[in-house]
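Printed here is query-v8.txt (compact mmCIF, C-alpha atoms):
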# COMPACT_ATOMS: atom_id res chain seq x y z
CA MET A 129 0.00 0.00 0.00
CA ALA A 130 2.78 2.42 0.92
CA ARG A 131 4.53 1.64 -2.36
CA PHE A 132 1.32 2.33 -4.29
CA LEU A 133 0.85 5.65 -2.50
CA GLY A 134 4.46 6.59 -3.24
CA ILE A 135 4.00 5.88 -6.97
CA ALA A 136 0.74 7.84 -6.96
CA VAL A 137 2.46 10.84 -5.34
CA VAL A 138 5.28 10.70 -7.92
CA PHE A 139 2.77 10.68 -10.79
CA LEU A 140 0.81 13.50 -9.16
CA ILE A 141 3.92 15.65 -8.82
CA ALA A 142 5.00 14.85 -12.38
CA GLY A 143 1.54 15.76 -13.69
CA PHE A 144 1.55 19.01 -11.75
CA ALA A 145 5.00 19.87 -13.13
CA VAL A 146 3.80 19.25 -16.70
CA VAL A 147 0.80 21.52 -16.13
CA LEU A 148 3.03 24.29 -14.76
CA VAL A 149 5.37 24.03 -17.75
CA MET A 150 2.42 24.31 -20.15
CA ILE A 151 0.97 27.29 -18.28
CA PHE A 152 4.25 29.21 -18.34
CA ARG A 153 5.07 28.31 -21.95
CA PRO A 154 3.46 30.82 -24.35
CA GLN A 155 1.17 29.35 -26.95
CA ASP A 156 2.41 29.19 -30.55
CA MET A 157 1.18 32.30 -32.39
CA SER A 158 3.18 31.86 -35.60
CA ASP A 159 0.03 31.00 -37.55
CA ILE A 160 -1.67 34.34 -36.82
CA SER A 161 -1.65 37.04 -39.51
CA THR A 162 -0.59 40.26 -37.77
CA GLY A 163 0.57 42.62 -40.51
CA ALA A 164 3.67 43.30 -38.40
CA ASN A 165 6.25 43.68 -41.16
CA PRO A 166 9.27 45.70 -39.97
CA VAL A 167 10.05 46.81 -43.53
CA GLN A 168 6.53 47.73 -44.63
CA PRO A 169 3.99 47.35 -41.81
CA PHE A 170 0.35 46.81 -42.71
CA VAL A 171 -1.72 49.96 -42.09
CA ALA A 172 -5.28 49.08 -41.17
CA ARG A 173 -8.33 51.09 -42.09
CA ASP A 174 -10.44 52.74 -39.39
CA LEU A 175 -12.55 49.65 -38.72
CA ASN A 176 -15.23 51.55 -36.82
CA LYS A 177 -15.68 53.74 -39.89
CA VAL A 178 -15.71 50.65 -42.12
CA PHE A 179 -18.45 49.10 -39.96
CA SER A 180 -20.50 52.33 -39.88
CA GLU A 181 -20.31 52.76 -43.66
CA SER A 182 -21.37 49.15 -44.14
CA ILE A 183 -24.45 49.76 -41.98
CA SER A 184 -25.41 53.08 -43.62
CA GLY A 185 -24.74 51.73 -47.12
CA ALA A 186 -26.41 48.37 -46.44
CA TYR A 187 -23.66 46.19 -47.88
CA ALA A 188 -21.67 43.21 -46.60
CA ILE A 189 -17.98 43.37 -45.76
CA ARG A 190 -15.13 40.95 -45.13
CA VAL A 191 -12.37 41.95 -42.71
CA SER A 192 -9.19 39.88 -42.62
CA GLU A 193 -7.45 38.58 -39.52
CA GLU A 194 -4.40 40.59 -40.55
CA GLU A 195 -6.35 43.86 -40.64
CA ILE A 196 -8.01 43.25 -37.27
CA ASN A 197 -4.63 42.60 -35.63
CA ALA A 198 -3.05 45.61 -37.33
CA TYR A 199 -5.95 47.77 -36.11
CA LEU A 200 -5.47 46.52 -32.55
CA ALA A 201 -1.74 47.24 -32.74
CA GLN A 202 -2.46 50.79 -33.95
CA THR A 203 -5.24 51.68 -31.50
CA LEU A 204 -4.93 49.61 -28.34
CA GLU A 205 -3.91 51.42 -25.17
CA LEU A 206 -1.51 48.95 -23.63
CA LYS A 207 -1.96 49.07 -19.90
CA GLN A 208 -1.93 46.47 -17.16
CA THR A 209 -4.51 46.92 -14.42
CA GLY A 210 -4.98 45.29 -11.05
CA ALA A 211 -2.50 44.01 -8.47
CA ALA A 212 0.00 42.91 -11.13
CA ALA A 213 0.29 46.36 -12.73
CA GLY A 214 3.63 47.10 -11.06
CA TRP A 215 5.54 44.14 -12.44
CA VAL A 216 3.56 42.89 -15.45
CA ARG A 217 2.98 44.79 -18.66
CA LEU A 218 0.59 44.11 -21.50
CA GLU A 219 2.68 43.65 -24.65
CA LYS A 220 0.01 43.12 -27.33
CA VAL A 221 -3.36 41.58 -28.13
CA LEU A 222 -3.90 39.23 -31.08
CA VAL A 223 -6.99 37.64 -32.60
CA ARG A 224 -6.94 34.23 -34.25
CA LEU A 225 -10.00 33.72 -36.45
CA GLU A 226 -11.22 30.16 -36.87
CA GLU A 227 -14.32 28.50 -38.27
CA ASN A 228 -17.29 29.74 -36.19
CA ARG A 229 -15.16 31.20 -33.42
CA ALA A 230 -12.27 33.52 -32.57
CA GLU A 231 -9.51 33.29 -29.99
CA VAL A 232 -8.53 36.56 -28.32
CA ILE A 233 -4.96 36.35 -26.98
CA MET A 234 -3.25 38.68 -24.53
CA VAL A 235 0.54 38.65 -24.50
CA ARG A 236 2.02 39.92 -21.26
CA LYS A 237 5.62 40.55 -20.29
CA ILE A 238 7.18 39.71 -16.95
CA GLY A 239 10.70 41.03 -17.39
CA ASP A 240 11.87 39.50 -20.66
CA TRP A 241 9.50 36.55 -20.42
CA ASP A 242 6.25 36.25 -22.39
CA PHE A 243 3.09 34.91 -20.79
CA THR A 244 -0.11 34.35 -22.80
CA ILE A 245 -3.73 34.00 -21.80
CA SER A 246 -6.60 33.60 -24.24
CA MET A 247 -10.35 33.35 -24.47
CA TRP A 248 -12.45 31.79 -27.22
CA VAL A 249 -15.58 33.63 -28.31
CA ALA A 250 -18.37 32.62 -30.66
CA VAL A 251 -21.37 34.52 -32.01
CA ASN A 252 -24.86 33.08 -31.64
CA GLN A 253 -27.65 34.86 -33.54
CA THR A 254 -31.37 34.19 -33.22
CA GLU A 255 -34.52 35.83 -34.52
CA ASN A 256 -37.06 36.78 -31.85
CA ALA A 257 -40.85 36.85 -32.10
CA ARG A 258 -40.80 40.42 -33.45
CA GLY A 259 -38.47 39.42 -36.27
CA ASP A 260 -35.45 41.20 -34.79
CA VAL A 261 -32.05 39.52 -34.86
CA GLU A 262 -30.53 39.09 -31.41
CA THR A 263 -26.77 38.67 -31.19
CA LEU A 264 -25.14 36.92 -28.24
CA ILE A 265 -21.38 36.67 -27.81
CA GLU A 266 -20.58 33.43 -26.02
CA LEU A 267 -17.40 32.10 -24.42
CA ASP A 268 -17.42 28.94 -26.49
CA GLY A 269 -14.29 27.20 -27.69
CA GLY A 270 -15.86 23.84 -28.43
CA PRO A 271 -15.34 20.65 -26.39
CA MET A 272 -12.25 20.02 -24.29
CA PRO A 273 -9.73 17.47 -25.59
CA PHE A 274 -10.57 14.03 -24.14
CA PHE A 275 -13.50 15.52 -22.19
CA SER A 276 -16.14 16.33 -24.81
CA PHE A 277 -18.77 16.97 -22.12
CA VAL A 278 -16.77 19.99 -20.87
CA ASP A 279 -16.55 23.21 -22.92
CA ARG A 280 -13.11 24.74 -23.34
CA GLY A 281 -12.85 28.42 -22.50
CA GLY A 282 -9.34 29.51 -23.38
CA ARG A 283 -5.67 28.85 -22.82
CA PHE A 284 -3.28 29.70 -20.01
CA GLY A 285 0.02 29.58 -21.86
CA SER A 286 -0.28 26.49 -24.05
CA LEU A 287 -2.66 24.72 -21.64
CA VAL A 288 -6.30 24.51 -22.75
CA VAL A 289 -8.61 25.25 -19.80
CA PRO A 290 -12.38 24.80 -19.25
CA GLN A 291 -14.77 27.75 -19.29
CA GLY A 292 -14.88 27.95 -15.51
CA PHE A 293 -11.22 28.98 -15.36
CA LEU A 294 -12.01 32.16 -17.31
CA HIS A 295 -13.38 33.76 -14.15
CA LEU A 296 -9.74 34.24 -13.13
CA VAL A 297 -8.98 36.43 -16.19
CA ARG A 298 -12.42 37.79 -17.10
CA PRO A 299 -11.71 41.33 -15.69
CA ALA A 300 -8.72 41.71 -18.06
CA PHE A 301 -10.85 40.87 -21.10
CA ILE A 302 -13.68 43.14 -19.92
CA ALA A 303 -11.18 46.01 -19.65
CA LEU A 304 -10.03 45.23 -23.19
CA ALA A 305 -13.60 45.27 -24.55
CA GLU A 306 -14.24 48.60 -22.81
CA GLN A 307 -11.64 50.21 -25.07
CA TYR A 308 -13.75 49.40 -28.15
CA PRO A 309 -17.43 50.16 -27.35
CA GLU A 310 -18.22 51.63 -30.78
CA GLU A 311 -16.46 48.88 -32.71
CA ILE A 312 -18.37 46.24 -30.75
CA ARG A 313 -21.68 48.02 -31.26
CA ASN A 314 -21.25 48.64 -34.99
CA GLY A 315 -19.32 45.48 -35.80
CA PHE A 316 -21.50 43.05 -33.86
CA GLU A 317 -24.66 44.45 -32.27
CA GLU A 318 -25.79 46.32 -35.40
CA MET A 319 -25.02 43.53 -37.86
CA SER A 320 -27.82 41.21 -38.96
CA ARG A 321 -25.49 38.38 -39.92
CA ILE A 322 -22.03 37.57 -38.60
CA ARG A 323 -19.77 34.75 -39.68
CA MET A 324 -16.33 33.86 -38.42
CA GLU A 325 -14.17 31.79 -40.72
CA LYS A 326 -10.48 30.98 -40.93
CA GLU A 327 -8.59 34.31 -41.08
CA ALA A 328 -11.67 36.41 -41.86
CA LEU A 329 -14.70 38.05 -40.25
CA VAL A 330 -17.73 38.43 -42.53
CA LEU A 331 -20.41 40.97 -41.58
CA ASP A 332 -23.71 41.91 -43.21
CA PRO A 333 -26.12 44.56 -41.84
CA ARG A 334 -28.95 43.55 -44.19
CA PHE A 335 -31.78 41.55 -42.72
CA ASP A 336 -32.92 40.44 -46.19
CA GLN A 337 -30.13 38.17 -47.42
CA SER A 338 -31.61 37.35 -50.85
CA SER A 339 -29.04 39.54 -52.62
CA SER A 340 -26.01 38.67 -50.52
CA THR A 341 -22.80 38.31 -52.49
CA LEU A 342 -20.87 36.62 -49.67
CA ASP A 343 -22.77 33.31 -49.73
CA PHE A 344 -24.15 33.31 -46.19
This structure in structure tokens:
Amino acid sequence: MARFLGIAVVFLIAGFAVVLVMIFRPQDMSDISTGANPVQPFVARDLNKVFSESISGAYAIRVSEEEINAYLAQTLELKQTGAAAGWVRLEKVLVRLEENRAEVIMVRKIGDWDFTISMWVAVNQTENARGDVETLIELDGGPMPFFSFVDRGGRFGSLVVPQGFLHLVRPAFIALAEQYPEEIRNGFEEMSRIRMEKEALVLDPRFDQSSSTLDF
């Protein structure tokens, strides 16, 4: 029995060590289009203006992952709030667009070391009894690996975590969203149809989709 308990403790410690390594190892972001070219950086359009003109002109638009990340780089006020503000700084925010969802990634610096946290978001749209389209942004990253009955919420470093763990970092993402109230209103709340696909966000303000050119 003692031998069994000793082996169990060893495995428990080894598992805990692996989890710590994954948490403190930044996730791989090499697949994300950022527009960060040191020779000729990508200059994004004013996306809030793009969204507003789409609504007033009643036409659909497609915004690339590269342009969204370039816009964030050009407009985001990088500040760290809370108890960690004195020794942690927010380095950048990136968005990875996937089929039917997006992953919002914060890259923080502790000295010269990078630490990443992320949150998956998905858009759920329904039509109510009055015929209005209601848009709900959900923290949905699909099922957890090996535990399909649990929804994944984001990543701490390279470790995928369930939705419940997002309560630990939710204030940081709320503070981020508060920097872009108009973009969120015009780009999501005022759009009749929203689709996330790999490396692109497709938006259409028209309720009648019979003439859509973007194949919704």
(request) Could you tell me how far atom CA of Gln202 of chain A lies from atom CA of Gln307 of chain A, in Å and to one decimal? (result)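 These atoms are spaced 12.8 Å apart.
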(request) Determine the nearest neighbour of Asn228 of chain A from the options A:Gln253, A:Gln155, A:Ser246, A:Gln168, counting only C-alpha atoms. (result) A:Gln253
(message) I'd like the interatomic distance between atom CA of Phe335 of chain A and atom CA of Ser320 of chain A, to a tenth of an Å.
(response)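 We find that atom CA of Phe335 of chain A and atom CA of Ser320 of chain A lie 5.5 Å from each other.
Ranking A:Gly239, A:Gly315, A:Gly285, A:Gly163 by their shortest atom-to-atom distance to Arg190 of chain A, with all atoms listed in the file included, puts A:Gly315 first.
Interatomic distance, atom CA of Gly282 of chain A against atom CA of Glu219 of chain A: 18.6 Å.
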Box along x, y and z, 6 Å on every side, all listed atoms of segment 243-247 of chain A inside: centre and edge lengths in Å to one decimal, as lines of an AutoDock Vina configuration file.
center_x = -3.6
center_y = 34.1
center_z = -22.6
size_x = 25.4
size_y = 13.6
size_z = 15.7
(message) Here is a test: counting all atoms listed in the file, which residue of A:Ala257, A:Val146, A:Ala250, A:Leu264 is nearest to Leu329 of chain A?
(response)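 With all atoms listed in the file as the atom set, the closest residue is A:Ala250.
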Could you give me, as an mmCIF file with C-alpha atoms, in the frame of the given file, the residues that sit within 12 Å of (0.8, 44.5, -40.3) in the file's coordinates, counting all atoms listed in the file?
data_model
loop_
_atom_site.group_PDB
_atom_site.id
_atom_site.type_symbol
_atom_site.label_atom_id
_atom_site.label_comp_id
_atom_site.auth_asym_id
_atom_site.auth_seq_id
_atom_site.Cartn_x
_atom_site.Cartn_y
_atom_site.Cartn_z
ATOM 1 C CA ILE A 160 -1.670 34.340 -36.820
ATOM 2 C CA SER A 161 -1.650 37.040 -39.510
ATOM 3 C CA THR A 162 -0.590 40.260 -37.770
ATOM 4 C CA GLY A 163 0.570 42.620 -40.510
ATOM 5 C CA ALA A 164 3.670 43.300 -38.400
ATOM 6 C CA ASN A 165 6.250 43.680 -41.160
ATOM 7 C CA PRO A 166 9.270 45.700 -39.970
ATOM 8 C CA VAL A 167 10.050 46.810 -43.530
ATOM 9 C CA GLN A 168 6.530 47.730 -44.630
ATOM 10 C CA PRO A 169 3.990 47.350 -41.810
ATOM 11 C CA PHE A 170 0.350 46.810 -42.710
ATOM 12 C CA VAL A 171 -1.720 49.960 -42.090
ATOM 13 C CA ALA A 172 -5.280 49.080 -41.170
ATOM 14 C CA ARG A 173 -8.330 51.090 -42.090
ATOM 15 C CA SER A 192 -9.190 39.880 -42.620
ATOM 16 C CA GLU A 193 -7.450 38.580 -39.520
ATOM 17 C CA GLU A 194 -4.400 40.590 -40.550
ATOM 18 C CA GLU A 195 -6.350 43.860 -40.640
ATOM 19 C CA ILE A 196 -8.010 43.250 -37.270
ATOM 20 C CA ASN A 197 -4.630 42.600 -35.630
ATOM 21 C CA ALA A 198 -3.050 45.610 -37.330
ATOM 22 C CA TYR A 199 -5.950 47.770 -36.110
ATOM 23 C CA LEU A 200 -5.470 46.520 -32.550
ATOM 24 C CA ALA A 201 -1.740 47.240 -32.740
ATOM 25 C CA GLN A 202 -2.460 50.790 -33.950
ATOM 26 C CA LEU A 222 -3.900 39.230 -31.080
#
(request) Point out the residue among A:Val149, A:Asn256, A:Met319, A:Phe293 with the least atom-to-atom distance to Arg334 of chain A, counting only C-alpha atoms. (result)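 Closest to Arg334 of chain A, using only C-alpha atoms: A:Met319.
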(request) In the coordinate frame of the file, compute which residues have an atom within 10 Å of (3.2, 31.3, -30.5) when using all atoms listed in the file, and state them as a VMD selection string. (result) chain A and resid 153 to 160 235 242 244 285 to 286
(message) I'd like the neighbourhood of Gly185 of chain A as a list in words, where a residue qualifies if any of its atoms comes within 12 Å (using only C-alpha atoms), though same-chain residues fewer than 5 positions away should be ignored.
(response)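 The residues that qualify are Lys177, Val178, Phe179, Ser180, Asp332, Pro333 and Arg334 of chain A.
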